[in-house]
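Pasted below: input-v6.pdb, PDB, C-alpha atoms and all ligand atoms.
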MODEL        1
ATOM      1  CA  MET A  17      73.244  54.749  22.002
ATOM      2  CA  THR A  18      72.380  52.748  18.892
ATOM      3  CA  PRO A  19      69.944  53.554  16.060
ATOM      4  CA  LYS A  20      68.496  50.058  16.384
ATOM      5  CA  ARG A  21      67.491  50.552  20.010
ATOM      6  CA  ILE A  22      66.004  53.983  19.283
ATOM      7  CA  ARG A  23      64.025  52.555  16.377
ATOM      8  CA  ALA A  24      62.566  49.663  18.408
ATOM      9  CA  GLY A  25      58.900  50.597  18.733
ATOM     10  CA  LEU A  26      59.319  54.034  17.120
ATOM     11  CA  LYS A  27      56.225  54.921  15.122
ATOM     12  CA  THR A  28      56.944  58.177  13.302
ATOM     13  CA  ARG A  29      56.254  59.259   9.752
ATOM     14  CA  ILE A  30      58.900  61.900   9.170
ATOM     15  CA  ILE A  31      61.128  62.400  12.186
ATOM     16  CA  GLY A  32      63.733  59.650  12.563
ATOM     17  CA  ARG A  33      63.520  58.353   8.985
ATOM     18  CA  ALA A  34      67.266  57.936   9.222
ATOM     19  CA  ILE A  35      69.089  57.780  12.558
ATOM     20  CA  GLU A  36      72.799  58.035  13.328
ATOM     21  CA  CYS A  37      74.416  57.766  16.743
ATOM     22  CA  HIS A  38      77.877  59.123  17.460
ATOM     23  CA  SER A  39      80.075  59.137  20.552
ATOM     24  CA  THR A  40      81.853  62.498  20.871
ATOM     25  CA  VAL A  41      81.345  65.239  18.278
ATOM     26  CA  PRO A  42      81.770  69.010  18.249
ATOM     27  CA  SER A  43      78.046  69.635  17.587
ATOM     28  CA  THR A  44      75.248  67.451  16.244
ATOM     29  CA  ASN A  45      73.947  70.493  14.361
ATOM     30  CA  ASP A  46      77.125  70.407  12.265
ATOM     31  CA  LEU A  47      76.614  66.698  11.528
ATOM     32  CA  ALA A  48      73.036  67.358  10.471
ATOM     33  CA  TRP A  49      74.018  70.284   8.234
ATOM     34  CA  ALA A  50      76.740  68.271   6.503
ATOM     35  CA  ALA A  51      74.297  65.421   5.886
ATOM     36  CA  ALA A  52      71.484  67.741   4.806
ATOM     37  CA  LEU A  53      73.722  69.371   2.219
ATOM     38  CA  HIS A  54      74.502  65.886   0.895
ATOM     39  CA  GLY A  55      70.831  65.071   0.485
ATOM     40  CA  ALA A  56      69.876  63.478   3.837
ATOM     41  CA  PRO A  57      66.102  62.978   3.973
ATOM     42  CA  GLU A  58      63.828  65.214   5.940
ATOM     43  CA  GLY A  59      63.595  63.844   9.458
ATOM     44  CA  ALA A  60      67.119  62.391   9.550
ATOM     45  CA  ALA A  61      68.254  62.528  13.180
ATOM     46  CA  PHE A  62      71.792  62.703  14.539
ATOM     47  CA  PHE A  63      72.584  61.850  18.147
ATOM     48  CA  ALA A  64      75.798  62.170  20.133
ATOM     49  CA  ASP A  65      76.737  60.963  23.610
ATOM     50  CA  GLU A  66      78.702  64.127  24.199
ATOM     51  CA  GLN A  67      79.426  67.425  22.421
ATOM     52  CA  THR A  68      82.630  69.365  22.777
ATOM     53  CA  ARG A  69      81.278  72.523  21.110
ATOM     54  CA  GLY A  70      77.551  72.375  21.734
ATOM     55  CA  ARG A  71      75.995  75.687  20.840
ATOM     56  CA  GLY A  72      72.947  77.698  21.844
ATOM     57  CA  ARG A  73      71.429  80.740  20.192
ATOM     58  CA  PHE A  74      73.336  84.000  19.689
ATOM     59  CA  GLY A  75      76.698  82.246  19.937
ATOM     60  CA  ARG A  76      76.058  80.939  23.450
ATOM     61  CA  THR A  77      77.529  77.664  24.716
ATOM     62  CA  TRP A  78      75.453  74.553  25.344
ATOM     63  CA  HIS A  79      76.928  72.335  28.043
ATOM     64  CA  SER A  80      76.669  68.757  26.730
ATOM     65  CA  PRO A  81      78.416  66.118  28.870
ATOM     66  CA  PRO A  82      77.568  62.382  28.681
ATOM     67  CA  GLY A  83      74.156  61.565  30.159
ATOM     68  CA  GLY A  84      72.110  64.017  28.135
ATOM     69  CA  LEU A  85      70.176  63.702  24.918
ATOM     70  CA  TRP A  86      71.888  65.802  22.268
ATOM     71  CA  LEU A  87      70.345  65.526  18.840
ATOM     72  CA  SER A  88      69.740  67.387  15.605
ATOM     73  CA  VAL A  89      67.091  66.786  12.982
ATOM     74  CA  VAL A  90      67.087  67.756   9.296
ATOM     75  CA  LEU A  91      63.893  69.629   8.335
ATOM     76  CA  ARG A  92      62.471  71.170   5.203
ATOM     77  CA  PRO A  93      59.741  73.264   6.788
ATOM     78  CA  LYS A  94      57.139  74.819   4.560
ATOM     79  CA  VAL A  95      56.845  78.143   6.325
ATOM     80  CA  PRO A  96      57.506  81.682   5.176
ATOM     81  CA  LEU A  97      60.513  83.411   6.700
ATOM     82  CA  ASP A  98      58.417  85.563   9.024
ATOM     83  CA  ARG A  99      56.933  82.401  10.525
ATOM     84  CA  LEU A 100      60.177  80.510  11.052
ATOM     85  CA  LEU A 101      59.678  80.833  14.790
ATOM     86  CA  LEU A 102      56.823  78.353  14.445
ATOM     87  CA  VAL A 103      59.499  75.720  13.917
ATOM     88  CA  THR A 104      61.158  76.682  17.200
ATOM     89  CA  ALA A 105      57.715  76.642  18.823
ATOM     90  CA  VAL A 106      56.880  73.102  17.658
ATOM     91  CA  GLY A 107      60.300  71.983  18.918
ATOM     92  CA  ALA A 108      59.643  73.417  22.368
ATOM     93  CA  LEU A 109      56.080  72.063  22.437
ATOM     94  CA  ALA A 110      57.300  68.604  21.447
ATOM     95  CA  VAL A 111      60.028  68.558  24.078
ATOM     96  CA  ALA A 112      57.585  69.769  26.736
ATOM     97  CA  ASP A 113      55.184  66.926  25.848
ATOM     98  CA  ALA A 114      58.034  64.398  25.910
ATOM     99  CA  VAL A 115      59.362  65.695  29.235
ATOM    100  CA  GLU A 116      55.891  65.318  30.733
ATOM    101  CA  GLU A 117      55.518  61.819  29.340
ATOM    102  CA  LEU A 118      58.907  60.901  30.778
ATOM    103  CA  GLY A 119      57.737  61.827  34.261
ATOM    104  CA  ALA A 120      58.609  65.442  35.063
ATOM    105  CA  HIS A 121      55.744  67.543  36.355
ATOM    106  CA  HIS A 122      54.330  70.554  34.593
ATOM    107  CA  PRO A 123      57.023  71.479  32.052
ATOM    108  CA  LEU A 124      56.521  74.955  30.620
ATOM    109  CA  ILE A 125      58.071  76.991  27.815
ATOM    110  CA  ARG A 126      60.129  80.077  28.563
ATOM    111  CA  PHE A 127      59.902  82.131  25.401
ATOM    112  CA  PRO A 128      60.922  81.179  22.805
ATOM    113  CA  ASN A 129      62.799  77.892  23.149
ATOM    114  CA  ASP A 130      63.524  76.853  26.728
ATOM    115  CA  VAL A 131      61.612  74.080  28.419
ATOM    116  CA  VAL A 132      61.648  74.650  32.164
ATOM    117  CA  VAL A 133      60.452  72.753  35.203
ATOM    118  CA  ASP A 134      59.924  74.977  38.240
ATOM    119  CA  ASP A 135      61.684  77.704  36.263
ATOM    120  CA  ARG A 136      64.816  75.622  35.829
ATOM    121  CA  LYS A 137      65.929  74.879  32.301
ATOM    122  CA  ILE A 138      65.722  71.215  31.334
ATOM    123  CA  SER A 139      65.969  71.674  27.556
ATOM    124  CA  GLY A 140      66.874  74.129  24.831
ATOM    125  CA  THR A 141      66.185  74.112  21.103
ATOM    126  CA  LEU A 142      68.229  75.762  18.400
ATOM    127  CA  VAL A 143      66.788  76.151  14.894
ATOM    128  CA  GLU A 144      69.177  77.158  12.131
ATOM    129  CA  ALA A 145      67.772  77.733   8.644
ATOM    130  CA  ARG A 146      69.150  78.274   5.168
ATOM    131  CA  LEU A 147      67.488  80.791   2.930
ATOM    132  CA  VAL A 148      67.391  80.375  -0.810
ATOM    133  CA  GLY A 149      64.875  82.789  -2.223
ATOM    134  CA  PRO A 150      62.107  84.192  -0.070
ATOM    135  CA  ALA A 151      61.534  81.173   2.170
ATOM    136  CA  PRO A 152      63.787  78.814   4.139
ATOM    137  CA  ASP A 153      64.376  75.623   2.146
ATOM    138  CA  LEU A 154      66.353  73.726   4.736
ATOM    139  CA  ALA A 155      66.617  73.839   8.505
ATOM    140  CA  VAL A 156      68.322  71.966  11.296
ATOM    141  CA  MET A 157      66.692  71.710  14.684
ATOM    142  CA  GLY A 158      69.060  70.927  17.530
ATOM    143  CA  ILE A 159      67.586  69.747  20.797
ATOM    144  CA  GLY A 160      69.417  69.425  24.073
ATOM    145  CA  LEU A 161      67.576  67.604  26.859
ATOM    146  CA  ASN A 162      69.187  67.046  30.245
ATOM    147  CA  VAL A 163      68.265  63.444  30.972
ATOM    148  CA  ASN A 164      70.622  61.740  33.449
ATOM    149  CA  LEU A 165      72.615  64.755  34.566
ATOM    150  CA  ASP A 166      73.153  65.218  38.297
ATOM    151  CA  ARG A 167      73.563  68.633  39.905
ATOM    152  CA  ALA A 168      77.331  68.152  39.959
ATOM    153  CA  ASP A 169      77.363  67.630  36.172
ATOM    154  CA  PHE A 170      76.392  71.261  35.560
ATOM    155  CA  PRO A 171      78.943  74.065  35.722
ATOM    156  CA  LYS A 172      78.543  75.998  39.018
ATOM    157  CA  ASP A 173      76.927  79.044  37.466
ATOM    158  CA  LEU A 174      74.254  76.921  35.750
ATOM    159  CA  ARG A 175      73.386  74.790  38.804
ATOM    160  CA  PRO A 176      70.685  77.023  40.280
ATOM    161  CA  LEU A 177      69.171  77.626  36.828
ATOM    162  CA  SER A 178      69.110  74.089  35.419
ATOM    163  CA  THR A 179      67.564  70.710  36.027
ATOM    164  CA  SER A 180      67.352  67.257  34.447
ATOM    165  CA  LEU A 181      64.837  64.433  34.176
ATOM    166  CA  LYS A 182      66.867  62.479  36.717
ATOM    167  CA  ILE A 183      66.812  65.347  39.196
ATOM    168  CA  GLU A 184      63.060  65.808  38.676
ATOM    169  CA  THR A 185      62.001  62.160  38.772
ATOM    170  CA  GLY A 186      64.642  60.733  41.102
ATOM    171  CA  ARG A 187      65.648  57.985  38.691
ATOM    172  CA  ALA A 188      67.899  57.452  35.687
ATOM    173  CA  LEU A 189      66.238  56.844  32.343
ATOM    174  CA  ASP A 190      67.293  54.804  29.338
ATOM    175  CA  LEU A 191      68.442  57.388  26.794
ATOM    176  CA  HIS A 192      66.844  55.361  23.998
ATOM    177  CA  ASP A 193      63.437  55.716  25.633
ATOM    178  CA  ALA A 194      63.991  59.439  26.019
ATOM    179  CA  ALA A 195      65.078  59.680  22.371
ATOM    180  CA  ARG A 196      61.980  57.829  21.192
ATOM    181  CA  ALA A 197      59.687  60.066  23.241
ATOM    182  CA  VAL A 198      61.268  63.209  21.770
ATOM    183  CA  LEU A 199      61.213  61.939  18.163
ATOM    184  CA  ALA A 200      57.584  60.804  18.456
ATOM    185  CA  ALA A 201      56.413  64.085  19.986
ATOM    186  CA  LEU A 202      58.322  66.086  17.385
ATOM    187  CA  ASP A 203      56.839  64.019  14.574
ATOM    188  CA  GLY A 204      53.330  64.827  15.805
ATOM    189  CA  TRP A 205      53.953  68.538  16.201
ATOM    190  CA  TYR A 206      55.968  68.934  13.017
ATOM    191  CA  ARG A 207      53.159  67.430  10.963
ATOM    192  CA  ARG A 208      50.882  70.092  12.479
ATOM    193  CA  LEU A 209      53.156  72.956  11.413
ATOM    194  CA  ALA A 210      50.431  74.419   9.202
ATOM    195  CA  ASP A 211      47.984  74.564  12.119
ATOM    196  CA  VAL A 212      49.155  77.956  13.251
ATOM    197  CA  ASP A 213      46.195  78.621  15.550
ATOM    198  CA  ARG A 214      46.758  75.396  17.444
ATOM    199  CA  ILE A 215      50.485  76.049  17.822
ATOM    200  CA  ARG A 216      49.853  79.593  19.044
ATOM    201  CA  ALA A 217      47.218  78.460  21.545
ATOM    202  CA  ASP A 218      49.307  75.633  22.971
ATOM    203  CA  PHE A 219      52.421  77.770  23.080
ATOM    204  CA  LYS A 220      50.520  80.315  25.153
ATOM    205  CA  ARG A 221      49.014  77.626  27.377
ATOM    206  CA  ARG A 222      52.493  76.234  28.065
ATOM    207  CA  SER A 223      54.073  79.629  28.731
ATOM    208  CA  SER A 224      56.144  79.937  31.900
ATOM    209  CA  ILE A 225      56.146  83.735  31.758
ATOM    210  CA  LEU A 226      52.582  84.769  30.968
ATOM    211  CA  ARG A 227      51.153  87.000  33.728
ATOM    212  CA  ARG A 228      54.535  87.133  35.468
ATOM    213  CA  ARG A 229      57.008  89.931  35.886
ATOM    214  CA  VAL A 230      59.926  89.478  33.515
ATOM    215  CA  ARG A 231      63.020  91.149  32.180
ATOM    216  CA  VAL A 232      63.335  90.881  28.406
ATOM    217  CA  ILE A 233      66.765  91.354  26.899
ATOM    218  CA  THR A 234      66.773  92.536  23.288
ATOM    219  CA  GLY A 235      69.622  93.497  21.026
ATOM    220  CA  ALA A 236      69.145  97.130  21.994
ATOM    221  CA  ASP A 237      68.091  97.172  25.637
ATOM    222  CA  THR A 238      66.527  95.450  28.639
ATOM    223  CA  VAL A 239      62.849  95.984  29.356
ATOM    224  CA  GLU A 240      61.020  95.002  32.526
ATOM    225  CA  GLY A 241      57.289  94.571  33.059
ATOM    226  CA  LEU A 242      54.359  92.214  33.420
ATOM    227  CA  ALA A 243      53.983  89.786  30.505
ATOM    228  CA  THR A 244      50.397  90.280  29.354
ATOM    229  CA  ASP A 245      50.720  88.331  26.096
ATOM    230  CA  VAL A 246      53.062  85.734  24.630
ATOM    231  CA  ASP A 247      52.799  84.696  21.002
ATOM    232  CA  ALA A 248      54.873  82.066  19.192
ATOM    233  CA  VAL A 249      55.248  84.285  16.121
ATOM    234  CA  ASP A 250      54.832  87.872  17.271
ATOM    235  CA  GLY A 251      56.696  87.879  20.577
ATOM    236  CA  ILE A 252      55.945  89.302  24.008
ATOM    237  CA  THR A 253      53.761  92.178  25.159
ATOM    238  CA  LEU A 254      54.690  93.736  28.479
ATOM    239  CA  ARG A 255      52.803  96.162  30.686
ATOM    240  CA  LEU A 256      55.451  98.599  31.822
ATOM    241  CA  ASP A 257      55.423 100.149  35.301
ATOM    242  CA  SER A 258      54.171 103.332  33.654
ATOM    243  CA  GLY A 259      51.058 101.367  32.687
ATOM    244  CA  HIS A 260      51.868 101.540  28.981
ATOM    245  CA  PRO A 261      51.997  98.401  26.848
ATOM    246  CA  ARG A 262      55.217  97.565  25.032
ATOM    247  CA  ALA A 263      55.368  94.986  22.253
ATOM    248  CA  LEU A 264      58.705  93.218  21.807
ATOM    249  CA  ARG A 265      59.126  91.507  18.451
ATOM    250  CA  ALA A 266      60.218  87.885  18.700
ATOM    251  CA  GLU A 267      63.226  88.292  16.420
ATOM    252  CA  HIS A 268      64.716  90.975  18.684
ATOM    253  CA  ILE A 269      64.467  88.969  21.901
ATOM    254  CA  SER A 270      67.671  87.267  22.974
ATOM    255  CA  GLU A 271      66.739  86.271  26.511
ATOM    256  CA  VAL A 272      63.857  86.369  28.980
ATOM    257  CA  ARG A 273      64.359  86.170  32.748
ATOM    258  CA  LEU A 274      62.004  86.361  35.659
ATOM    259  CA  ALA A 275      62.352  89.779  37.262
TER     260      ALA A 275
HETATM  261  C1  LIG A 301      69.521  76.973  23.638
HETATM  262  O1  LIG A 301      70.183  78.154  23.428
HETATM  263  O2  LIG A 301      68.872  76.709  24.615
HETATM  264  C2  LIG A 301      69.693  75.963  22.510
HETATM  265  C3  LIG A 301      70.437  74.751  22.944
HETATM  266  C4  LIG A 301      70.515  73.719  21.847
HETATM  267  C5  LIG A 301      71.440  72.605  22.198
HETATM  268  C6  LIG A 301      71.374  71.482  21.193
HETATM  269  S1  LIG A 301      72.224  70.056  21.736
HETATM  270  C7  LIG A 301      72.131  69.343  20.167
HETATM  271  C8  LIG A 301      72.354  70.467  19.166
HETATM  272  N1  LIG A 301      73.755  70.674  18.896
HETATM  273  C9  LIG A 301      74.182  71.875  19.293
HETATM  274  O3  LIG A 301      75.344  72.310  19.163
HETATM  275  N2  LIG A 301      73.157  72.559  19.846
HETATM  276  C10 LIG A 301      71.923  71.809  19.811
HETATM  277  P1  LIG A 301      69.990  79.461  24.298
HETATM  278  O4  LIG A 301      68.537  79.767  24.425
HETATM  279  O5  LIG A 301      70.892  80.459  23.688
HETATM  280  O6  LIG A 301      70.493  79.054  25.740
HETATM  281  C11 LIG A 301      71.858  78.891  26.018
HETATM  282  C12 LIG A 301      72.041  79.087  27.513
HETATM  283  O7  LIG A 301      71.494  77.971  28.242
HETATM  284  C13 LIG A 301      73.492  79.146  27.943
HETATM  285  O8  LIG A 301      73.993  80.450  27.822
HETATM  286  C14 LIG A 301      73.415  78.699  29.410
HETATM  287  O9  LIG A 301      73.012  79.771  30.236
HETATM  288  C15 LIG A 301      72.278  77.707  29.392
HETATM  289  N3  LIG A 301      72.750  76.305  29.295
HETATM  290  C16 LIG A 301      73.837  75.808  28.637
HETATM  291  N4  LIG A 301      73.896  74.474  28.739
HETATM  292  C17 LIG A 301      72.821  74.098  29.476
HETATM  293  C18 LIG A 301      72.311  72.837  29.901
HETATM  294  N5  LIG A 301      72.894  71.668  29.592
HETATM  295  N6  LIG A 301      71.167  72.847  30.650
HETATM  296  C19 LIG A 301      70.537  73.995  30.978
HETATM  297  N7  LIG A 301      70.977  75.203  30.597
HETATM  298  C20 LIG A 301      72.089  75.260  29.842
ENDMDL
END
Would you mind writing the structure in this file as structure tokens?
Ligand code: BT5
Amino acid sequence: MTPKRIRAGLKTRIIGRAIECHSTVPSTNDLAWAAALHGAPEGAAFFADEQTRGRGRFGRTWHSPPGGLWLSVVLRPKVPLDRLLLVTAVGALAVADAVEELGAHHPLIRFPNDVVVDDRKISGTLVEARLVGPAPDLAVMGIGLNVNLDRADFPKDLRPLSTSLKIETGRALDLHDAARAVLAALDGWYRRLADVDRIRADFKRRSSILRRRVRVITGADTVEGLATDVDAVDGITLRLDSGHPRALRAEHISEVRLA
């Protein structure tokens, strides 16, 4: 990929102000952090063809072979710490919009950061923030989007759980077009970060788990029930089999699966 070909026709205000493309790197999040700490502008975006140590949340691995879109963006979000999940939410909303625009049908968000098509994960977002004082002053959003991956490109255990734009649409895409779609969608959503009501409403509308039976894995235990509410900031409310409601705070949730 080249910055020039991503920039051709890109109309964003913040996201993509600076663009770098790399071949093989450990993790684009590390590139973005190093640049951010050296004063890279908000919106600077770092792409790699392949990552050797792509990471997910909670120390999980992100499989990043050639053919996918692996990028990280430097952000300086103006949100209080207890609303940092709004940044993850706008990332997921942006990727869902981009995935739809690129031809996959009905992408939804599996709380808090997965974009899924037919319950198979097509994208994941990882937001890492630095705290100086009471609010985050710097954040890096990493986005992984499976673009031209075939089934055989996924490790065996991920095959039944994952998908790509190529698998969904039946054709390979130009990665530059995919990059532009993601940057443009993120620019739109990121500029709406203060519109909390809108983010909450759209996050709920895009939910893949609302009104479905799920298993929520938290640091302490695993809870199963019907998801009666999903909120970008607060988390998930389940109706347990006993009939009682149970609210699970977003920051405690490490994984959500369909039960
Ligand atoms: C995420 O974590 O979904 C965040 C992924 C962020 C990746 C981007 S790529 C660019 C930037 N640089 C990085 O190093 N990271 C970011 P989490 O919700 O924890 O999900 C991780 C889980 O997703 C893994 O444990 C696998 O089960 C699954 N997984 C790993 N690779 C996958 C892939 N390519 N497609 C679908 N699922 C995958």
Who sits within 10 Å of Leu254 of chain A, only C-alpha atoms, same chain under 3 positions skipped, as a PyMOL selection string: chain A and resi 226-232+239-246+257+259-264
Expected selection as a VMD selection string for ligand LIG 301 (chain A) within 7 Å, all atoms listed in the file: chain A and resid 43 to 45 69 to 74 76 to 80 86 to 88 129 to 130 137 to 142 158 to 160 162 170 174 177 to 179
Using the selection just defined, write its residues with C-alpha atoms as a PDB file, in the frame of the given file.
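File written: again_34.pdb
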ATOM      1  CA  SER A  43      78.046  69.635  17.587  1.00  0.00           C
ATOM      2  CA  THR A  44      75.248  67.451  16.244  1.00  0.00           C
ATOM      3  CA  ASN A  45      73.947  70.493  14.361  1.00  0.00           C
ATOM      4  CA  ARG A  69      81.278  72.523  21.110  1.00  0.00           C
ATOM      5  CA  GLY A  70      77.551  72.375  21.734  1.00  0.00           C
ATOM      6  CA  ARG A  71      75.995  75.687  20.840  1.00  0.00           C
ATOM      7  CA  GLY A  72      72.947  77.698  21.844  1.00  0.00           C
ATOM      8  CA  ARG A  73      71.429  80.740  20.192  1.00  0.00           C
ATOM      9  CA  PHE A  74      73.336  84.000  19.689  1.00  0.00           C
ATOM     10  CA  ARG A  76      76.058  80.939  23.450  1.00  0.00           C
ATOM     11  CA  THR A  77      77.529  77.664  24.716  1.00  0.00           C
ATOM     12  CA  TRP A  78      75.453  74.553  25.344  1.00  0.00           C
ATOM     13  CA  HIS A  79      76.928  72.335  28.043  1.00  0.00           C
ATOM     14  CA  SER A  80      76.669  68.757  26.730  1.00  0.00           C
ATOM     15  CA  TRP A  86      71.888  65.802  22.268  1.00  0.00           C
ATOM     16  CA  LEU A  87      70.345  65.526  18.840  1.00  0.00           C
ATOM     17  CA  SER A  88      69.740  67.387  15.605  1.00  0.00           C
ATOM     18  CA  ASN A 129      62.799  77.892  23.149  1.00  0.00           C
ATOM     19  CA  ASP A 130      63.524  76.853  26.728  1.00  0.00           C
ATOM     20  CA  LYS A 137      65.929  74.879  32.301  1.00  0.00           C
ATOM     21  CA  ILE A 138      65.722  71.215  31.334  1.00  0.00           C
ATOM     22  CA  SER A 139      65.969  71.674  27.556  1.00  0.00           C
ATOM     23  CA  GLY A 140      66.874  74.129  24.831  1.00  0.00           C
ATOM     24  CA  THR A 141      66.185  74.112  21.103  1.00  0.00           C
ATOM     25  CA  LEU A 142      68.229  75.762  18.400  1.00  0.00           C
ATOM     26  CA  GLY A 158      69.060  70.927  17.530  1.00  0.00           C
ATOM     27  CA  ILE A 159      67.586  69.747  20.797  1.00  0.00           C
ATOM     28  CA  GLY A 160      69.417  69.425  24.073  1.00  0.00           C
ATOM     29  CA  ASN A 162      69.187  67.046  30.245  1.00  0.00           C
ATOM     30  CA  PHE A 170      76.392  71.261  35.560  1.00  0.00           C
ATOM     31  CA  LEU A 174      74.254  76.921  35.750  1.00  0.00           C
ATOM     32  CA  LEU A 177      69.171  77.626  36.828  1.00  0.00           C
ATOM     33  CA  SER A 178      69.110  74.089  35.419  1.00  0.00           C
ATOM     34  CA  THR A 179      67.564  70.710  36.027  1.00  0.00           C
TER      35      THR A 179
END
With all atoms listed in the file as the basis for distance, which of A:Leu199, A:Val156, A:Ala168, A:Leu47 is at the shortest distance from Gly25 of chain A? A:Leu199
The PyMOL selection byres (((chain A and resi 82) around 9) and not hetatm) on the file shown: which residues, as a PyMOL selection string? chain A and resi 40+64-67+80-81+83-85+164-165
Could you check the closest approach to Val163 of chain A for each of A:Val131, A:Leu118, A:Ala248, A:Ala200 and tell me which residue wins, using all atoms listed in the file?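 With all atoms listed in the file as the atom set, the closest residue is A:Leu118.
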Using only C-alpha atoms, which of A:Ala60, A:Ala50, A:Ala195, A:Leu124 sits nearest Lys220 of chain A?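 For Lys220 of chain A, the nearest of the candidates is A:Leu124.
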How would you write, as number ranges by chain, the residues chosen by the PyMOL selection byres (((chain A and resi 235) around 9) and not hetatm) on this structure? A: 233-234, 236-238, 268-270
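Taking all atoms listed in the file into account, Ala201 of chain A lies nearest to A:Gly107 out of the set A:Pro19, A:Gly75, A:Gly107, A:Gly59.
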Dump as a PyMOL selection string all residues having an atom at most 12 Å from (62.6, 66.1, 38.1), computed in the file's coordinates with all atoms listed in the file. chain A and resi 115-116+118-123+132-138+162-167+178-189
Just save segment 208-257 of chain A with C-alpha atoms, as an mmCIF file, in the first residue's frame.
data_model
loop_
_atom_site.group_PDB
_atom_site.id
_atom_site.type_symbol
_atom_site.label_atom_id
_atom_site.label_comp_id
_atom_site.auth_asym_id
_atom_site.auth_seq_id
_atom_site.Cartn_x
_atom_site.Cartn_y
_atom_site.Cartn_z
ATOM 1 C CA ARG A 208 -19.372 13.295 16.557
ATOM 2 C CA LEU A 209 -17.700 12.019 19.733
ATOM 3 C CA ALA A 210 -19.509 14.617 21.838
ATOM 4 C CA ASP A 211 -22.905 13.456 20.558
ATOM 5 C CA VAL A 212 -23.259 10.792 23.193
ATOM 6 C CA ASP A 213 -26.974 10.195 22.617
ATOM 7 C CA ARG A 214 -26.444 9.534 18.932
ATOM 8 C CA ILE A 215 -23.544 7.161 19.583
ATOM 9 C CA ARG A 216 -25.540 5.266 22.205
ATOM 10 C CA ALA A 217 -28.587 4.974 19.944
ATOM 11 C CA ASP A 218 -26.639 3.791 16.912
ATOM 12 C CA PHE A 219 -24.547 1.418 18.977
ATOM 13 C CA LYS A 220 -27.742 -0.179 20.256
ATOM 14 C CA ARG A 221 -29.285 -0.266 16.784
ATOM 15 C CA ARG A 222 -26.194 -2.050 15.446
ATOM 16 C CA SER A 223 -25.998 -4.545 18.309
ATOM 17 C CA SER A 224 -25.627 -8.200 17.343
ATOM 18 C CA ILE A 225 -26.562 -9.412 20.822
ATOM 19 C CA LEU A 226 -29.588 -7.380 21.876
ATOM 20 C CA ARG A 227 -32.582 -9.649 22.604
ATOM 21 C CA ARG A 228 -30.423 -12.753 22.177
ATOM 22 C CA ARG A 229 -29.190 -15.286 24.665
ATOM 23 C CA VAL A 230 -25.537 -14.684 25.460
ATOM 24 C CA ARG A 231 -22.728 -15.735 27.730
ATOM 25 C CA VAL A 232 -20.784 -12.794 29.138
ATOM 26 C CA ILE A 233 -17.296 -13.457 30.424
ATOM 27 C CA THR A 234 -16.068 -10.999 33.049
ATOM 28 C CA GLY A 235 -12.892 -10.943 35.065
ATOM 29 C CA ALA A 236 -14.668 -12.744 37.886
ATOM 30 C CA ASP A 237 -17.138 -15.137 36.285
ATOM 31 C CA THR A 238 -19.314 -16.152 33.343
ATOM 32 C CA VAL A 239 -22.947 -15.090 33.290
ATOM 33 C CA GLU A 240 -25.618 -16.365 30.924
ATOM 34 C CA GLY A 241 -28.966 -14.792 30.079
ATOM 35 C CA LEU A 242 -31.040 -12.808 27.624
ATOM 36 C CA ALA A 243 -29.493 -9.455 26.676
ATOM 37 C CA THR A 244 -32.244 -6.936 27.399
ATOM 38 C CA ASP A 245 -30.071 -3.823 27.073
ATOM 39 C CA VAL A 246 -26.738 -2.910 25.512
ATOM 40 C CA ASP A 247 -25.155 0.470 26.130
ATOM 41 C CA ALA A 248 -21.900 1.801 24.673
ATOM 42 C CA VAL A 249 -20.855 3.286 28.019
ATOM 43 C CA ASP A 250 -22.644 1.325 30.724
ATOM 44 C CA GLY A 251 -22.432 -2.230 29.416
ATOM 45 C CA ILE A 252 -24.911 -5.086 29.167
ATOM 46 C CA THR A 253 -28.047 -5.925 31.125
ATOM 47 C CA LEU A 254 -29.058 -9.570 31.149
ATOM 48 C CA ARG A 255 -32.265 -11.239 32.263
ATOM 49 C CA LEU A 256 -31.091 -14.303 34.126
ATOM 50 C CA ASP A 257 -32.997 -17.599 34.015
#
